[in-house]
file input_28.cif (mmCIF, C-alpha atoms (C1' of nucleotides))
data_query
loop_
_atom_site.label_atom_id
_atom_site.label_comp_id
_atom_site.auth_asym_id
_atom_site.auth_seq_id
_atom_site.Cartn_x
_atom_site.Cartn_y
_atom_site.Cartn_z
CA MET A 1144 0.00 0.00 0.00
CA GLY A 1145 1.99 2.94 1.28
CA GLU A 1146 5.34 1.37 0.49
CA THR A 1147 7.78 3.58 -1.31
CA SER A 1148 10.53 1.71 -3.10
CA GLY A 1149 10.85 -2.00 -3.65
CA ALA A 1150 12.79 -3.84 -0.99
CA GLY A 1151 14.42 -0.70 0.38
CA GLU A 1152 14.12 0.55 3.89
CA PRO A 1153 10.87 2.30 4.78
CA THR A 1154 11.08 5.89 5.92
CA LEU A 1155 10.94 6.53 9.64
CA GLU A 1156 7.38 7.74 9.31
CA GLU A 1157 6.25 4.68 7.39
CA GLN A 1158 7.99 2.42 9.84
CA ILE A 1159 6.29 3.90 12.85
CA ALA A 1160 2.92 3.80 11.12
CA ALA A 1161 3.46 0.10 10.35
CA TYR A 1162 4.41 -0.70 13.95
CA GLN A 1163 1.34 1.13 15.19
CA ARG A 1164 -0.89 -0.95 12.95
CA GLU A 1165 0.62 -4.15 14.34
CA PHE A 1166 1.05 -3.15 17.96
CA GLN A 1167 -1.72 -1.03 19.39
CA ASP A 1168 -0.12 0.13 22.66
CA LEU A 1169 2.75 1.80 20.88
CA ASP A 1170 3.54 5.36 21.90
CA PRO A 1171 4.45 6.94 18.57
CA GLN A 1172 6.45 9.71 20.14
CA VAL A 1173 8.62 7.35 22.15
CA GLU A 1174 9.03 5.18 19.11
CA GLN A 1175 10.04 8.14 16.98
CA ILE A 1176 12.82 9.06 19.35
CA VAL A 1177 14.08 5.53 19.85
CA SER A 1178 13.92 4.52 16.21
CA ALA A 1179 15.58 7.73 15.10
CA LEU A 1180 18.35 7.08 17.61
CA SER A 1181 18.87 3.57 16.24
CA ARG A 1182 18.80 4.55 12.64
CA LEU A 1183 21.05 7.56 13.19
CA ASN A 1184 23.56 5.38 14.91
CA ARG A 1185 23.48 2.89 12.10
CA ARG A 1186 24.33 5.56 9.59
CA MET A 1187 27.05 6.92 11.82
CA ASN A 1188 28.56 3.46 12.03
CA VAL A 1189 28.43 3.05 8.28
CA ALA A 1190 30.28 6.34 7.92
CA TYR A 1191 32.90 5.41 10.53
CA GLY A 1192 33.33 2.01 8.93
CA ARG A 1193 34.04 3.60 5.57
CA GLN A 1194 36.55 5.91 7.14
CA THR A 1195 38.49 3.22 8.94
CA ALA A 1196 38.46 1.07 5.80
CA GLU A 1197 39.88 4.03 3.91
CA LEU A 1198 42.71 4.18 6.42
CA GLY A 1199 43.40 0.49 5.99
CA ILE A 1200 42.37 -0.65 9.45
CA THR A 1201 39.40 -2.59 10.77
CA ASN A 1202 36.86 -1.34 13.26
CA ALA A 1203 38.34 -3.79 15.74
CA ASP A 1204 41.71 -2.12 15.31
CA TRP A 1205 40.19 1.26 15.83
CA GLU A 1206 38.57 0.21 19.10
CA VAL A 1207 41.95 -0.76 20.47
CA LEU A 1208 43.60 2.46 19.32
CA LYS A 1209 40.84 4.48 20.98
CA ALA A 1210 41.25 2.66 24.27
CA LEU A 1211 44.99 3.26 24.26
CA VAL A 1212 44.67 6.95 23.40
CA LEU A 1213 42.02 7.38 26.07
CA SER A 1214 44.39 5.93 28.63
CA GLY A 1215 46.59 9.00 28.02
CA ALA A 1216 50.34 9.30 27.59
CA PRO A 1217 52.42 7.15 27.52
CA TYR A 1218 49.61 5.14 25.90
CA ARG A 1219 50.27 1.84 27.61
CA MET A 1220 47.90 -0.86 28.80
CA GLY A 1221 48.10 -4.53 29.64
CA PRO A 1222 46.25 -7.08 27.49
CA SER A 1223 43.82 -7.99 30.25
CA ASP A 1224 42.91 -4.36 30.92
CA LEU A 1225 42.30 -3.89 27.22
CA ALA A 1226 40.23 -7.05 27.12
CA LYS A 1227 38.08 -5.86 30.00
CA ARG A 1228 37.70 -2.47 28.45
CA LEU A 1229 36.57 -3.92 25.11
CA GLY A 1230 34.53 -6.77 26.52
CA LEU A 1231 36.63 -9.54 25.03
CA THR A 1232 38.19 -12.71 26.39
CA PRO A 1233 41.95 -12.62 26.83
CA ALA A 1234 42.31 -15.06 23.95
CA ALA A 1235 40.50 -12.77 21.54
CA MET A 1236 42.61 -9.88 22.77
CA THR A 1237 45.79 -11.77 21.99
CA HIS A 1238 44.71 -12.18 18.39
CA ARG A 1239 43.78 -8.53 17.98
CA ILE A 1240 47.10 -7.45 19.40
CA ASP A 1241 48.90 -9.84 17.04
CA ARG A 1242 47.33 -8.03 14.13
CA LEU A 1243 48.04 -4.55 15.46
CA VAL A 1244 51.67 -5.46 16.10
CA ALA A 1245 51.96 -6.81 12.55
CA GLU A 1246 50.53 -3.52 11.29
CA GLY A 1247 53.03 -1.60 13.35
CA LEU A 1248 50.40 0.33 15.29
CA VAL A 1249 51.35 -1.00 18.74
CA THR A 1250 54.31 -2.75 20.33
CA ARG A 1251 54.19 -5.69 22.71
CA GLU A 1252 56.88 -6.12 25.31
CA ARG A 1253 57.34 -7.74 28.71
CA ASP A 1254 57.22 -5.57 31.79
CA GLU A 1255 60.77 -5.83 33.17
CA SER A 1256 59.64 -5.07 36.71
CA ASN A 1257 57.15 -7.93 36.64
CA ARG A 1258 57.89 -10.30 33.85
CA VAL A 1259 54.49 -11.99 33.94
CA ARG A 1260 52.91 -8.82 32.64
CA VAL A 1261 52.93 -7.59 29.08
CA ILE A 1262 52.76 -3.96 28.04
CA ILE A 1263 50.97 -2.89 24.89
CA GLU A 1264 52.12 0.53 23.79
CA LEU A 1265 50.88 2.72 20.98
CA THR A 1266 53.53 3.51 18.36
CA GLY A 1267 53.92 6.85 16.64
CA ASP A 1268 52.26 5.32 13.60
CA GLY A 1269 49.41 4.10 15.76
CA ARG A 1270 48.89 7.53 17.24
CA GLU A 1271 49.01 9.12 13.79
CA LYS A 1272 46.47 6.57 12.52
CA TRP A 1273 44.16 7.48 15.35
CA MET A 1274 44.56 11.17 14.54
CA GLU A 1275 43.71 10.59 10.90
CA ALA A 1276 40.60 8.69 11.90
CA MET A 1277 39.61 11.52 14.21
CA ARG A 1278 40.12 14.08 11.47
CA LEU A 1279 37.80 12.17 9.17
CA ALA A 1280 35.29 11.58 11.95
CA THR A 1281 35.08 15.22 12.99
CA VAL A 1282 34.45 16.30 9.41
CA PHE A 1283 31.55 13.89 9.19
CA GLU A 1284 30.21 14.90 12.58
CA ALA A 1285 30.36 18.61 11.83
CA ASP A 1286 28.47 17.96 8.62
CA LEU A 1287 25.88 15.85 10.40
CA LEU A 1288 25.05 18.60 12.89
CA GLN A 1289 25.38 21.41 10.38
CA ASP A 1290 21.72 22.42 10.40
CA LEU A 1291 21.44 22.75 14.16
CA SER A 1292 21.51 26.15 15.77
CA PRO A 1293 23.78 26.72 18.78
CA GLN A 1294 20.72 26.62 21.02
CA GLU A 1295 19.60 23.33 19.53
CA ARG A 1296 23.05 21.85 20.00
CA THR A 1297 23.17 22.84 23.61
CA ALA A 1298 19.72 21.47 24.27
CA LEU A 1299 20.39 18.24 22.39
CA GLY A 1300 23.67 17.61 24.17
CA GLU A 1301 22.07 18.23 27.51
CA VAL A 1302 19.10 15.94 26.93
CA LEU A 1303 21.17 13.11 25.50
CA THR A 1304 23.63 13.31 28.36
CA ARG A 1305 20.77 13.12 30.80
CA LEU A 1306 19.42 10.01 29.13
CA LEU A 1307 22.87 8.45 29.01
CA ILE A 1308 23.54 9.00 32.69
CA ARG A 1309 20.21 7.45 33.50
CA VAL A 1310 20.81 4.33 31.47
CA GLU A 1311 24.44 3.93 32.50
CA ASP A 1312 23.39 4.12 36.11
CA ALA A 1313 20.69 1.54 35.54
CA GLN A 1314 23.02 -1.03 33.89
CA PRO A 1315 26.43 -0.30 35.37
CA ASP A 1316 28.19 -3.19 33.63
CA ALA A 1317 29.80 -1.95 30.48
CA GLY A 1318 31.18 -5.05 28.80
CA GLY A 1319 29.71 -7.43 26.31
CA ARG A 1320 30.12 -7.90 22.62
CA LEU A 1321 27.06 -6.86 20.71
CA SER A 1322 27.89 -7.28 17.05
CA ASP A 1323 24.62 -7.02 15.19
CA LEU A 1324 21.45 -5.24 15.95
CA ASP A 1325 22.53 -2.00 14.38
CA ASP A 1326 19.58 -2.43 12.16
CA THR A 1327 16.29 -0.67 12.12
CA VAL A 1328 14.33 -1.03 15.31
CA MET B 155 45.18 11.15 37.04
CA GLY B 156 41.47 11.81 36.63
CA GLU B 157 40.52 8.21 36.03
CA THR B 158 37.66 6.92 38.08
CA SER B 159 37.56 3.16 38.42
CA GLY B 160 40.13 0.65 37.28
CA ALA B 161 39.62 -0.63 33.76
CA GLY B 162 36.00 0.53 33.59
CA GLU B 163 34.61 2.89 31.03
CA PRO B 164 35.32 6.58 31.62
CA THR B 165 32.35 8.87 32.07
CA LEU B 166 31.26 10.87 29.05
CA GLU B 167 32.77 13.97 30.55
CA GLU B 168 36.13 12.33 31.20
CA GLN B 169 36.15 10.85 27.75
CA ILE B 170 35.60 14.17 26.03
CA ALA B 171 38.23 15.84 28.19
CA ALA B 172 40.71 13.12 27.22
CA TYR B 173 39.96 13.48 23.52
CA GLN B 174 40.41 17.22 23.77
CA ARG B 175 43.82 16.78 25.35
CA GLU B 176 44.89 14.52 22.48
CA PHE B 177 43.19 16.27 19.61
CA GLN B 178 43.20 20.03 19.76
CA ASP B 179 40.66 20.87 17.03
CA LEU B 180 37.90 18.94 18.72
CA ASP B 181 34.58 20.74 19.14
CA PRO B 182 33.50 19.52 22.57
CA GLN B 183 29.85 20.25 21.95
CA VAL B 184 29.74 18.21 18.74
CA GLU B 185 31.66 15.47 20.46
CA GLN B 186 29.27 15.47 23.39
CA ILE B 187 26.30 14.92 21.12
CA VAL B 188 27.93 12.28 18.96
CA SER B 189 29.49 10.34 21.80
CA ALA B 190 26.28 10.41 23.79
CA LEU B 191 24.43 9.08 20.75
CA SER B 192 26.92 6.23 20.38
CA ARG B 193 26.95 5.32 24.01
CA LEU B 194 23.20 5.55 24.34
CA ASN B 195 22.77 3.27 21.41
CA ARG B 196 25.20 0.79 22.86
CA ARG B 197 23.20 0.57 26.04
CA MET B 198 19.98 0.24 24.11
CA ASN B 199 21.48 -2.64 22.16
CA VAL B 200 22.59 -4.33 25.34
CA ALA B 201 19.06 -4.05 26.66
CA TYR B 202 17.49 -5.36 23.46
CA GLY B 203 20.00 -8.19 23.38
CA ARG B 204 19.03 -9.24 26.87
CA GLN B 205 15.40 -9.16 25.97
CA THR B 206 15.72 -11.29 22.86
CA ALA B 207 17.92 -13.74 24.76
CA GLU B 208 15.21 -13.94 27.39
CA LEU B 209 12.74 -14.87 24.67
CA GLY B 210 15.07 -17.58 23.39
CA ILE B 211 15.88 -15.99 20.06
CA THR B 212 18.97 -14.33 18.63
CA ASN B 213 19.23 -10.76 17.45
CA ALA B 214 19.56 -12.13 13.94
CA ASP B 215 16.22 -13.88 14.36
CA TRP B 216 14.65 -10.70 15.60
CA GLU B 217 15.81 -8.73 12.58
CA VAL B 218 14.04 -11.17 10.30
CA LEU B 219 10.86 -11.09 12.36
CA LYS B 220 10.86 -7.30 12.25
CA ALA B 221 11.26 -7.22 8.50
CA LEU B 222 8.36 -9.62 8.04
CA VAL B 223 6.06 -7.74 10.39
CA LEU B 224 6.95 -4.45 8.72
CA SER B 225 5.95 -5.90 5.38
CA GLY B 226 2.40 -6.10 6.77
CA ALA B 227 -0.21 -8.86 6.54
CA PRO B 228 0.00 -11.57 5.31
CA TYR B 229 3.64 -11.28 6.46
CA ARG B 230 5.27 -12.85 3.43
CA MET B 231 8.54 -12.10 1.72
CA GLY B 232 10.93 -13.90 -0.59
CA PRO B 233 14.41 -14.81 0.64
CA SER B 234 16.12 -12.39 -1.73
CA ASP B 235 13.94 -9.47 -0.63
CA LEU B 236 14.73 -10.32 2.97
CA ALA B 237 18.41 -10.57 2.13
CA LYS B 238 18.39 -7.14 0.49
CA ARG B 239 16.49 -5.66 3.38
CA LEU B 240 18.94 -7.03 5.94
CA GLY B 241 22.09 -6.49 3.89
CA LEU B 242 23.00 -10.18 3.65
CA THR B 243 24.01 -12.46 0.83
CA PRO B 244 21.37 -14.98 -0.27
CA ALA B 245 23.49 -17.75 1.19
CA ALA B 246 23.50 -16.20 4.64
CA MET B 247 19.77 -15.66 4.35
CA THR B 248 19.21 -19.33 3.63
CA HIS B 249 20.95 -20.25 6.87
CA ARG B 250 18.99 -17.77 8.94
CA ILE B 251 15.74 -19.02 7.47
CA ASP B 252 16.78 -22.61 8.22
CA ARG B 253 17.06 -21.70 11.86
CA LEU B 254 13.81 -19.77 11.99
CA VAL B 255 11.97 -22.64 10.33
CA ALA B 256 13.46 -25.05 12.87
CA GLU B 257 12.25 -22.75 15.63
CA GLY B 258 8.78 -22.66 14.12
CA LEU B 259 8.74 -18.90 13.71
CA VAL B 260 8.39 -18.88 9.92
CA THR B 261 7.41 -21.34 7.22
CA ARG B 262 9.17 -21.85 3.91
CA GLU B 263 7.23 -23.02 0.90
CA ARG B 264 7.46 -22.88 -2.89
CA ASP B 265 5.38 -20.34 -4.75
CA GLU B 266 3.04 -22.53 -6.81
CA SER B 267 2.60 -19.83 -9.45
CA ASN B 268 6.34 -19.67 -10.06
CA ARG B 269 8.08 -22.67 -8.65
CA VAL B 270 11.51 -21.06 -8.66
CA ARG B 271 10.40 -18.65 -5.98
CA VAL B 272 10.14 -19.38 -2.29
CA ILE B 273 7.80 -17.69 0.14
CA ILE B 274 8.79 -17.09 3.75
CA GLU B 275 5.77 -16.52 5.92
CA LEU B 276 5.54 -15.57 9.56
CA THR B 277 3.75 -18.15 11.71
CA GLY B 278 1.41 -17.33 14.55
CA ASP B 279 4.21 -18.23 16.94
CA GLY B 280 6.53 -15.91 15.07
CA ARG B 281 4.12 -13.04 15.29
CA GLU B 282 3.57 -13.70 18.98
CA LYS B 283 7.34 -13.77 19.55
CA TRP B 284 7.63 -10.39 17.86
CA MET B 285 4.84 -9.02 20.05
CA GLU B 286 6.55 -10.24 23.22
CA ALA B 287 9.78 -8.60 22.11
CA MET B 288 7.90 -5.37 21.44
CA ARG B 289 6.25 -5.48 24.84
CA LEU B 290 9.63 -5.80 26.53
CA ALA B 291 11.16 -3.13 24.31
CA THR B 292 8.44 -0.57 24.96
CA VAL B 293 8.77 -1.02 28.71
CA PHE B 294 12.49 -0.32 28.47
CA GLU B 295 11.96 2.63 26.15
CA ALA B 296 9.32 4.24 28.33
CA ASP B 297 11.65 3.92 31.28
CA LEU B 298 14.55 5.37 29.33
CA LEU B 299 12.60 8.52 28.43
CA GLN B 300 10.85 8.77 31.77
CA ASP B 301 12.52 11.99 32.89
CA LEU B 302 11.72 13.93 29.74
CA SER B 303 8.87 16.42 29.74
CA PRO B 304 6.37 16.36 26.86
CA GLN B 305 8.02 19.46 25.42
CA GLU B 306 11.42 17.85 25.57
CA ARG B 307 10.14 14.73 23.88
CA THR B 308 8.62 16.70 21.06
CA ALA B 309 11.77 18.74 20.58
CA LEU B 310 14.04 15.70 20.77
CA GLY B 311 12.00 13.71 18.28
CA GLU B 312 11.94 16.63 15.90
CA VAL B 313 15.67 17.29 16.04
CA LEU B 314 16.65 13.63 15.71
CA THR B 315 14.32 13.16 12.78
CA ARG B 316 15.86 16.15 11.08
CA LEU B 317 19.34 14.73 11.54
CA LEU B 318 18.22 11.34 10.32
CA ILE B 319 16.65 12.69 7.17
CA ARG B 320 19.81 14.61 6.44
CA VAL B 321 22.09 11.62 6.83
CA GLU B 322 19.79 9.19 5.04
CA ASP B 323 19.62 11.57 2.11
CA ALA B 324 23.39 11.91 2.07
CA GLN B 325 24.05 8.13 2.00
CA PRO B 326 21.00 6.64 0.31
CA ASP B 327 22.32 3.07 0.34
CA ALA B 328 21.00 1.26 3.34
CA GLY B 329 22.64 -2.15 3.21
CA GLY B 330 25.83 -3.45 4.65
CA ARG B 331 26.65 -5.53 7.66
CA LEU B 332 28.35 -3.51 10.33
CA SER B 333 28.95 -5.87 13.17
CA ASP B 334 31.17 -4.11 15.65
CA LEU B 335 31.79 -0.50 16.38
CA ASP B 336 29.00 -0.21 18.89
CA ASP B 337 31.65 0.78 21.29
CA THR B 338 32.50 4.13 22.69
CA VAL B 339 33.45 6.69 20.14
"C1'" DG C 705 63.82 -24.59 46.80
"C1'" DC C 706 58.91 -25.69 46.33
"C1'" DT C 707 54.16 -24.61 45.74
"C1'" DG C 708 50.28 -21.89 44.31
"C1'" DA C 709 48.35 -18.13 41.92
"C1'" DA C 710 48.22 -14.89 38.16
"C1'" DG C 711 48.91 -13.31 33.43
"C1'" DA C 712 49.36 -14.27 28.72
"C1'" DC C 713 49.43 -17.51 25.03
"C1'" DT C 714 47.97 -21.82 22.40
"C1'" DT C 715 44.77 -25.04 20.70
"C1'" DA C 716 40.33 -26.78 19.52
"C1'" DG C 717 35.92 -25.88 18.22
"C1'" DA C 718 31.65 -23.12 17.21
"C1'" DA C 719 29.09 -19.52 14.74
"C1'" DG C 720 28.33 -16.74 11.01
"C1'" DC C 721 29.71 -14.73 7.09
"C1'" DT C 722 31.11 -14.50 1.68
"C1'" DA C 723 32.10 -16.35 -2.87
"C1'" DA C 724 31.34 -19.46 -6.15
"C1'" DA C 725 29.38 -23.58 -8.00
"C1'" DG C 726 25.14 -26.28 -8.42
"C1'" DT C 727 20.06 -27.06 -8.99
"C1'" DT C 728 15.56 -26.09 -10.48
"C1'" DC C 729 12.35 -23.76 -13.03
"C1'" DA C 730 10.37 -20.19 -16.43
"C1'" DA C 731 10.76 -17.72 -20.68
"C1'" DC C 732 12.30 -16.85 -25.09
"C1'" DG C 733 14.26 -17.73 -29.80
"C1'" DC C 734 14.51 -20.27 -33.81
"C1'" DG D 890 9.49 -28.56 -29.96
"C1'" DC D 891 13.80 -28.03 -28.09
"C1'" DG D 892 17.67 -25.88 -26.35
"C1'" DT D 893 19.59 -21.84 -24.31
"C1'" DT D 894 19.54 -18.10 -21.16
"C1'" DG D 895 18.70 -16.20 -16.88
"C1'" DA D 896 16.60 -15.90 -12.21
"C1'" DA D 897 16.02 -17.65 -7.47
"C1'" DC D 898 17.42 -20.39 -4.08
"C1'" DT D 899 20.62 -23.86 -2.01
"C1'" DT D 900 25.00 -26.13 -1.30
"C1'" DT D 901 29.84 -26.31 -0.57
"C1'" DA D 902 34.25 -24.62 0.75
"C1'" DG D 903 36.84 -21.48 3.14
"C1'" DC D 904 37.61 -17.42 6.01
"C1'" DT D 905 37.32 -14.60 10.19
"C1'" DT D 906 36.62 -14.00 14.85
"C1'" DC D 907 34.93 -15.30 18.73
"C1'" DT D 908 34.85 -18.59 23.36
"C1'" DA D 909 36.48 -22.33 26.40
"C1'" DA D 910 39.91 -24.93 28.19
"C1'" DG D 911 44.52 -26.17 28.80
"C1'" DT D 912 49.65 -24.75 28.96
"C1'" DC D 913 53.62 -22.03 29.95
"C1'" DT D 914 56.05 -18.57 32.44
"C1'" DT D 915 56.91 -15.83 36.34
"C1'" DC D 916 56.34 -14.04 40.89
"C1'" DA D 917 55.33 -14.42 46.01
"C1'" DG D 918 55.02 -16.95 50.30
"C1'" DC D 919 56.52 -20.61 53.12
#
call {"tool": "encode", "arguments": {"input": "input_28.cif", "output": "structure tokens"}}
result
Amino acid sequence: MGETSGAGEPTLEEQIAAYQREFQDLDPQVEQIVSALSRLNRRMNVAYGRQTAELGITNADWEVLKALVLSGAPYRMGPSDLAKRLGLTPAAMTHRIDRLVAEGLVTRERDESNRVRVIIELTGDGREKWMEAMRLATVFEADLLQDLSPQERTALGEVLTRLLIRVEDAQPDAGGRLSDLDDTV
Amino acid sequence: MGETSGAGEPTLEEQIAAYQREFQDLDPQVEQIVSALSRLNRRMNVAYGRQTAELGITNADWEVLKALVLSGAPYRMGPSDLAKRLGLTPAAMTHRIDRLVAEGLVTRERDESNRVRVIIELTGDGREKWMEAMRLATVFEADLLQDLSPQERTALGEVLTRLLIRVEDAQPDAGGRLSDLDDTV
DNA sequence: GCTGAAGACTTAGAAGCTAAAGTTCAACGC
DNA sequence: GCGTTGAACTTTAGCTTCTAAGTCTTCAGC
């Protein structure tokens, strides 16, 4: 009936209308916000994925670089801390680090003061790769928010932060691989 | 220095401060919005993942159920349409359908008018499973937005929809598996 | 020194994907 | 009428990346 184009994705409006037909108790306003959030994020992830691919790294690589940069100079972390931070098992972390070492983005060496521990350290190349990714990301982000007035930006940031604090308080555990589910809700 | 707890995730505020230290040109307001969007979505996905797990289905299953329900009564689609909709190859779609058929959530039968085609149809159980997932999801969503006034909800929905339309116009292609990158940006 | 615990790595196996070949059917040309 | 072409789905083979469980190395306490 009201479908637009073939097998393509329905518009947000069409999608909400369809859900309402199938599920009577739906609050369309809540659904608009939540679905827009999901779909926005999906597009953001597509954009980020393109950017990292352009730089010759995987999204998995980028996650590790981000964690190391966030840890601050001298950009060092142990494999188990990284694994906790990214929600991976130590085994999976070992493999990711293998790849990053092969790419020259991090180094792996034993801690001489406690030779059980291993230190993963960002290289200059790794830091530069992160910077390039950030440069691309900020261009995209500025473009995304281009139409918003300063007042709208302030208000949006404030509201989203409020929601985030609420949900992060409610489920304090951060970890956990998610993989899919970036799709339309 | 300013780190809060061990290997845990930094707060949004800490994260933005750290990025600013490392990357001078960062617009903190843009970053606040974008990072909050990412992190919010991650938490939403965790919540949805828990809910589907509770219902004994995978997120992959849920995506297929959603696509079928969105297509409207009589809830039928061909495998290739589903594959396009979900951004999968036909081969991957076959496997997903295998599982859904085994779970009794959809049926697979040949189209008698053109026996090359196959019709995937949602069963009553499948529809009920989707409804249960929606019931759980709407409870979570209502709770998430609980603190927002009606004015704030209207404004938020409007702004997010505007952003979404902008980005969906800019990158019209919907498809593409994303997998990771739900993590903190 | 020996023992136990902790941290990282190795191996085995599972899940889910893609690419490419295979199968079945409909449609069209001569 | 028969063969060829092409479409739609399935099958097969192989890849990637994860988890679980076991192994190796090193440190700390006795």
call {"tool": "closest_atom_pairs", "arguments": {"input": "input_28.cif", "of": "region 258-315 of chain B", "to": "region 719-730 of chain C", "cutoff": "12 Å", "atoms": "only C-alpha atoms (C1' of nucleotides)", "output": "Markdown table"}}
result
| residue | atom | partner | partner_atom | distance |
| --- | --- | --- | --- | --- |
| B:Arg264 | CA | C:DC729 | C1' | 11.3 |
| B:Asp265 | CA | C:DC729 | C1' | 11.4 |
| B:Glu266 | CA | C:DC729 | C1' | 11.3 |
| B:Ser267 | CA | C:DA730 | C1' | 10.5 |
| B:Asn268 | CA | C:DA730 | C1' | 7.6 |
| B:Arg269 | CA | C:DC729 | C1' | 6.2 |
| B:Val270 | CA | C:DC729 | C1' | 5.2 |
| B:Arg271 | CA | C:DC729 | C1' | 8.9 |
| B:Val272 | CA | C:DC729 | C1' | 11.8 |
call {"tool": "resolve_selection", "arguments": {"input": "input_28.cif", "expression": "the PyMOL selection byres ((chain A and resi 1176) around 8)", "output": "list in words"}}
result
Gln1172, Val1173, Glu1174, Gln1175, Val1177, Ser1178, Ala1179 and Leu1180 of chain A; Arg307, Leu310, Gly311, Leu314 and Thr315 of chain B
call {"tool": "interface_residues", "arguments": {"input": "input_28.cif", "of": "chain A", "to": "chain C", "cutoff": "12 Å", "atoms": "all atoms listed in the file", "output": "PyMOL selection string"}}
result
chain A and resi 1221-1224+1226+1232-1238+1240-1241+1251-1254+1257-1262+1322-1323
call {"tool": "atom_distance", "arguments": {"input": "input_28.cif", "atom1": "CA of Ala1190 (chain A)", "atom2": "CA of Trp1205 (chain A)"}}
result
13.7 Å
call {"tool": "atom_distance", "arguments": {"input": "input_28.cif", "atom1": "CA of Pro1153 (chain A)", "atom2": "CA of Thr1195 (chain A)"}}
result
27.9 Å
call {"tool": "resolve_selection", "arguments": {"input": "input_28.cif", "expression": "the PyMOL selection byres ((chain D) within 7 of (chain A))", "output": "JSON, numbers by chain"}}
result
{"D": [907, 914, 915]}
call {"tool": "atom_distance", "arguments": {"input": "input_28.cif", "atom1": "CA of Leu276 (chain B)", "atom2": "C1' of DT900 (chain D)"}}
result
24.7 Å
call {"tool": "residues_around", "arguments": {"input": "input_28.cif", "residues": "Gly278 (chain B)", "least_positions_apart": "4", "cutoff": "10 Å", "atoms": "all atoms listed in the file", "output": "list in words"}}
result
Gly258, Leu259, Val260, Glu282, Lys283 and Trp284 of chain B
call {"tool": "residues_around", "arguments": {"input": "input_28.cif", "residues": "Ile170 (chain B)", "least_positions_apart": "2", "cutoff": "10 Å", "atoms": "all atoms listed in the file", "output": "MDAnalysis selection string"}}
result
(chainID A and resid 1213) or (chainID B and resid 164:168 172:176 180:183 185:186 189 339)
call {"tool": "closest_residue", "arguments": {"input": "input_28.cif", "among": "A:Leu1208, A:Val1189, A:Ala1196, A:Ile1263", "to": "chain B", "atoms": "only C-alpha atoms"}}
result
A:Val1189
call {"tool": "closest_residue", "arguments": {"input": "input_28.cif", "among": "B:Gly203, B:Gly280, B:Gly210, B:Pro228", "to": "chain A", "atoms": "only C-alpha atoms"}}
result
B:Gly203
